[in-house]
$ cat data37.txt   # compact mmCIF, C-alpha atoms
# COMPACT_ATOMS: atom_id res chain seq x y z
CA MET Z 1 26.02 21.13 -20.50
CA ALA Z 2 22.90 22.14 -22.39
CA VAL Z 3 23.57 19.47 -25.01
CA ILE Z 4 23.86 16.78 -22.31
CA ALA Z 5 20.58 17.95 -20.77
CA ILE Z 6 18.81 17.80 -24.13
CA ILE Z 7 20.15 14.30 -24.82
CA LEU Z 8 19.07 13.12 -21.36
CA PHE Z 9 15.61 14.62 -21.91
CA LEU Z 10 15.20 12.92 -25.28
CA ILE Z 11 16.41 9.54 -24.01
CA THR Z 12 14.15 9.48 -20.96
CA PHE Z 13 11.16 10.70 -22.98
CA ALA Z 14 11.82 8.01 -25.60
CA VAL Z 15 12.02 5.30 -22.92
CA PHE Z 16 8.77 6.47 -21.37
CA ALA Z 17 7.05 6.54 -24.76
CA THR Z 18 8.38 3.07 -25.62
CA ILE Z 19 7.20 1.56 -22.33
CA THR Z 20 3.79 3.18 -22.78
CA ASP Z 21 3.40 1.86 -26.30
CA GLU Z 22 5.04 -1.56 -26.21
CA ILE Z 23 4.34 -2.74 -22.66
CA VAL Z 24 1.26 -0.88 -21.43
CA LEU Z 25 -0.78 -0.46 -24.61
CA GLU Z 26 0.43 -3.57 -26.47
CA HIS Z 27 0.45 -5.70 -23.29
CA GLU Z 28 3.94 -7.11 -23.81
CA GLY Z 29 4.62 -8.70 -20.43
CA GLY Z 30 7.95 -10.45 -21.02
CA PHE Z 31 10.12 -7.73 -19.51
CA ASP Z 32 8.04 -7.39 -16.34
CA ALA Z 33 7.83 -11.16 -15.90
CA ALA Z 34 11.61 -11.56 -16.21
CA ILE Z 35 12.30 -8.85 -13.61
CA PHE Z 36 9.71 -10.25 -11.20
CA LYS Z 37 11.31 -13.69 -11.53
CA ALA Z 38 14.76 -12.28 -10.74
CA VAL Z 39 13.53 -10.26 -7.77
CA SER Z 40 11.67 -13.26 -6.32
CA THR Z 41 15.03 -14.93 -5.64
CA ILE Z 42 15.84 -12.38 -2.91
CA GLN Z 43 12.47 -12.46 -1.18
CA SER Z 44 12.49 -13.19 2.55
CA PRO Z 45 10.46 -12.07 5.59
CA ALA Z 46 13.30 -9.76 6.67
CA ALA Z 47 13.61 -8.19 3.22
CA THR Z 48 9.86 -7.74 2.99
CA SER Z 49 9.78 -5.95 6.37
CA PHE Z 50 12.68 -3.74 5.27
CA PHE Z 51 11.09 -2.71 1.99
CA GLU Z 52 7.77 -2.04 3.71
CA ILE Z 53 9.63 0.62 5.71
CA VAL Z 54 11.47 1.96 2.66
CA THR Z 55 8.30 2.22 0.57
CA PHE Z 56 6.71 4.51 3.20
CA PHE Z 57 9.08 7.31 2.19
CA GLY Z 58 7.51 7.40 -1.26
CA SER Z 59 3.95 7.64 0.03
CA SER Z 60 1.82 10.75 0.34
CA ALA Z 61 1.87 10.20 4.11
CA PHE Z 62 5.57 11.12 4.03
CA LEU Z 63 5.90 13.34 0.96
CA PHE Z 64 3.01 15.69 1.77
CA PRO Z 65 4.42 16.81 5.15
CA ALA Z 66 7.93 16.71 3.65
CA TYR Z 67 6.89 19.24 1.00
CA ILE Z 68 5.29 21.42 3.68
CA ILE Z 69 8.45 21.33 5.82
CA LEU Z 70 10.63 22.13 2.81
CA ILE Z 71 8.42 25.07 1.83
CA LEU Z 72 8.41 26.37 5.42
CA ILE Z 73 12.21 26.19 5.56
CA LEU Z 74 12.45 28.19 2.35
CA LEU Z 75 9.96 30.74 3.68
CA ILE Z 76 11.92 31.09 6.92
CA LYS Z 77 15.02 31.74 4.83
CA LYS Z 78 12.97 34.29 2.88
CA SER Z 79 13.45 32.37 -0.34
CA TRP Z 80 9.95 33.28 -1.44
CA THR Z 81 10.40 32.42 -5.10
CA LEU Z 82 11.92 29.02 -4.40
CA ALA Z 83 9.13 28.23 -1.94
CA ILE Z 84 6.52 28.99 -4.61
CA ASP Z 85 8.48 26.96 -7.17
CA VAL Z 86 8.56 23.91 -4.89
CA LEU Z 87 4.84 24.27 -4.22
CA VAL Z 88 4.04 24.49 -7.93
CA VAL Z 89 6.19 21.48 -8.83
CA GLY Z 90 4.64 19.44 -6.00
CA LEU Z 91 1.06 20.27 -7.02
CA THR Z 92 1.64 19.72 -10.74
CA THR Z 93 3.36 16.40 -10.04
CA THR Z 94 0.24 15.17 -8.26
CA ALA Z 95 -2.00 16.43 -11.05
CA ILE Z 96 0.08 14.80 -13.81
CA LEU Z 97 0.16 11.50 -11.93
CA ASP Z 98 -3.62 11.45 -11.46
CA ILE Z 99 -4.22 12.27 -15.13
CA LEU Z 100 -1.87 9.56 -16.40
CA LYS Z 101 -3.14 6.86 -14.03
CA ASN Z 102 -6.74 7.52 -15.02
CA THR Z 103 -5.78 7.66 -18.68
CA PHE Z 104 -4.02 4.29 -18.86
CA ARG Z 105 -5.93 2.52 -16.05
CA ARG Z 106 -3.41 -0.29 -15.82
CA VAL Z 107 -4.33 -2.95 -13.26
CA ARG Z 108 -1.74 -3.70 -10.58
CA PRO Z 109 0.04 -7.08 -10.25
CA LEU Z 110 -2.31 -9.76 -8.92
CA ASP Z 111 -0.11 -11.16 -6.14
CA PRO Z 112 1.20 -8.26 -3.98
CA LEU Z 113 3.19 -8.96 -0.81
CA ILE Z 114 1.30 -6.26 1.09
CA LYS Z 115 -2.40 -5.54 1.40
CA ASN Z 116 -4.65 -2.51 0.94
CA VAL Z 117 -2.87 -1.10 -2.11
CA THR Z 118 -5.44 0.51 -4.37
CA GLY Z 119 -5.56 2.62 -7.50
CA PHE Z 120 -4.14 2.09 -10.96
CA SER Z 121 -0.60 0.95 -11.61
CA TYR Z 122 0.87 3.06 -14.43
CA PRO Z 123 3.01 4.99 -13.87
CA SER Z 124 4.27 4.28 -10.36
CA GLY Z 125 3.31 7.17 -8.10
CA HIS Z 126 5.97 6.27 -5.55
CA SER Z 127 8.65 6.26 -8.25
CA PHE Z 128 7.52 9.46 -9.97
CA SER Z 129 6.90 11.37 -6.74
CA SER Z 130 10.06 10.21 -4.97
CA TYR Z 131 12.42 10.98 -7.82
CA THR Z 132 10.73 14.36 -8.27
CA PHE Z 133 10.88 15.32 -4.57
CA PHE Z 134 14.45 14.21 -4.03
CA GLY Z 135 15.36 15.70 -7.41
CA LEU Z 136 14.11 19.04 -6.10
CA ILE Z 137 16.22 18.58 -2.97
CA ILE Z 138 19.25 17.90 -5.16
CA PHE Z 139 18.51 21.01 -7.22
CA LEU Z 140 18.28 23.12 -4.07
CA ILE Z 141 21.51 21.68 -2.70
CA TRP Z 142 23.32 22.69 -5.87
CA GLN Z 143 22.07 26.25 -5.38
CA THR Z 144 23.99 26.49 -2.09
CA LYS Z 145 27.63 27.43 -1.60
CA ILE Z 146 28.77 24.22 0.06
CA GLN Z 147 31.74 22.36 -1.40
CA ALA Z 148 31.21 20.45 -4.65
CA ALA Z 149 32.28 17.18 -3.00
CA TRP Z 150 29.41 17.45 -0.52
CA LYS Z 151 26.98 18.30 -3.30
CA ILE Z 152 28.04 15.25 -5.31
CA THR Z 153 27.84 12.99 -2.24
CA ALA Z 154 24.37 14.25 -1.35
CA THR Z 155 23.24 13.82 -4.96
CA ILE Z 156 24.39 10.21 -5.08
CA LEU Z 157 22.87 9.31 -1.70
CA LEU Z 158 19.51 10.93 -2.48
CA PHE Z 159 19.35 9.23 -5.88
CA ILE Z 160 20.14 5.87 -4.29
CA PHE Z 161 17.44 6.43 -1.67
CA ALA Z 162 14.84 7.34 -4.31
CA THR Z 163 15.87 4.26 -6.30
CA ALA Z 164 15.44 2.08 -3.20
CA ILE Z 165 11.91 3.44 -2.83
CA ALA Z 166 11.19 2.71 -6.48
CA PHE Z 167 12.64 -0.79 -6.19
CA SER Z 168 10.54 -1.48 -3.10
CA ARG Z 169 7.42 -1.20 -5.24
CA VAL Z 170 8.68 -3.97 -7.51
CA TYR Z 171 9.88 -6.13 -4.63
CA LEU Z 172 6.52 -5.80 -2.88
CA ARG Z 173 4.81 -6.61 -6.21
CA VAL Z 174 2.49 -3.61 -6.03
CA HIS Z 175 3.87 -2.26 -9.30
CA PHE Z 176 5.25 -3.75 -12.47
CA PRO Z 177 8.94 -2.95 -13.14
CA SER Z 178 7.86 -1.00 -16.21
CA ASP Z 179 5.66 1.20 -13.99
CA VAL Z 180 8.66 2.11 -11.88
CA ILE Z 181 11.00 2.79 -14.80
CA ALA Z 182 8.32 4.94 -16.42
CA GLY Z 183 7.99 6.87 -13.14
CA LEU Z 184 11.72 7.61 -13.17
CA CYS Z 185 11.65 8.72 -16.81
CA LEU Z 186 8.59 10.86 -16.26
CA SER Z 187 10.22 12.47 -13.23
CA VAL Z 188 13.36 13.36 -15.21
CA VAL Z 189 11.30 14.81 -18.06
CA TRP Z 190 9.00 16.78 -15.76
CA LEU Z 191 11.80 18.11 -13.54
CA MET Z 192 13.80 19.26 -16.56
CA ILE Z 193 10.78 21.04 -18.02
CA SER Z 194 9.84 22.57 -14.66
CA LEU Z 195 13.32 23.76 -13.76
CA TRP Z 196 13.89 25.11 -17.27
CA LEU Z 197 10.66 27.11 -17.10
CA LEU Z 198 11.47 28.37 -13.61
CA GLN Z 199 14.98 29.41 -14.57
CA LYS Z 200 13.66 31.11 -17.71
CA ARG Z 201 11.13 33.04 -15.63
CA LYS Z 202 13.86 34.01 -13.18
CA ARG Z 203 16.05 35.39 -15.97
CA HIS Z 204 13.06 37.24 -17.43
CA PHE Z 205 12.27 39.08 -14.20
CA ALA Z 206 15.97 39.77 -13.59
CA LYS Z 207 16.14 41.95 -16.71
$ encode --input "data37.txt" --output "structure tokens"
Amino acid sequence: MAVIAIILFLITFAVFATITDEIVLEHEGGFDAAIFKAVSTIQSPAATSFFEIVTFFGSSAFLFPAYIILILILLIKKSWTLAIDVLVVGLTTTAILDILKNTFRRVRPLDPLIKNVTGFSYPSGHSFSSYTFFGLIIFLIWQTKIQAAWKITATILLFIFATAIAFSRVYLRVHFPSDVIAGLCLSVVWLMISLWLLQKRKRHFAK
């Protein structure tokens, strides 16, 4: 299991590094243009309205109160350590996102389908934040004693939902596809580092 985790970490980190170097820094736009062209074939008023709803669940307007509710639930259950862990991961996710966006300062696509979208484009905050939040939910679910079938089902559904949020950013043309993929990779890397550090700390204090 540890070997699989290491391989996954290396792959996602390599993809993130490649996107950063080849697409963002070297301005290779072929990949993004091809994906935008493919996505444009499914555009319709109904689809746009749908993805405007979906994209809300990756915004700070949803995720901020969602983190608060999750932390409160953990506190009510007297899972003090987990509550602190979720808080730390949430805060550091925001900090990392701000640092990276202001480092690369990538301009967003010029023809978005929705208005009033500001800030830099790389990496996608909706993608990074959504995969991280729902990844935490998945982690917490696997800490429970419910049946494995329910855990697997919840994992798949939450991953699909986070992916729908990420895709909505491409559909609405407020992020380049490479922004969204980088957000996913960054989320995997950051969650693996965070959870590894938290588990290591837990084992240390258990001695």
$ closest_atom_pairs --input "data37.txt" --of "stretch 75-134 of chain Z" --to "stretch 184-192 of chain Z" --cutoff "7 Å" --atoms "only C-alpha atoms" --output "JSON lines"
{"residue": "Z:Ser127", "atom": "CA", "partner": "Z:Leu184", "partner_atom": "CA", "distance": 6.0}
{"residue": "Z:Phe128", "atom": "CA", "partner": "Z:Ser187", "partner_atom": "CA", "distance": 5.2}
{"residue": "Z:Tyr131", "atom": "CA", "partner": "Z:Ser187", "partner_atom": "CA", "distance": 6.0}
{"residue": "Z:Thr132", "atom": "CA", "partner": "Z:Ser187", "partner_atom": "CA", "distance": 5.3}
$ closest_residue --input "data37.txt" --among "Z:Pro45, Z:Gly90, Z:Gly58, Z:Gly29" --to "Z:Ala166" --atoms "only C-alpha atoms"
Z:Gly58
$ residues_near_point --input "data37.txt" --point "(12.3, 10.0, -3.9)" --cutoff "12 Å" --atoms "only C-alpha atoms" --output "PyMOL selection string"
chain Z and resi 54-60+62-63+66-67+124-138+155+157-168+180+183-184+187-188
$ closest_residue --input "data37.txt" --among "Z:Trp196, Z:Phe36, Z:Trp80, Z:Phe104" --to "Z:Val24" --atoms "all atoms listed in the file"
Z:Phe104
$ residues_around --input "data37.txt" --residues "stretch 105-111 of chain Z" --least-positions-apart "3" --cutoff "7 Å" --atoms "all atoms listed in the file" --output "VMD selection string"
chain Z and resid 101 to 102 120 to 122 173 to 176
$ atom_distance --input "data37.txt" --atom1 "atom CA of Z:Val117" --atom2 "atom CA of Z:Tyr171"
13.9 Å
$ axis_aligned_box --input "data37.txt" --around "stretch 55-59 of chain Z" --padding-each-side "5 Å" --output "JSON"
{"center_x": 6.5, "center_y": 4.9, "center_z": 1.0, "size_x": 15.1, "size_y": 15.4, "size_z": 14.5}
$ atom_distance --input "data37.txt" --atom1 "atom CA of Z:Thr18" --atom2 "atom CA of Z:Asp179"
12.1 Å
$ atom_distance --input "data37.txt" --atom1 "atom CA of Z:Thr41" --atom2 "atom CA of Z:Leu113"
14.1 Å
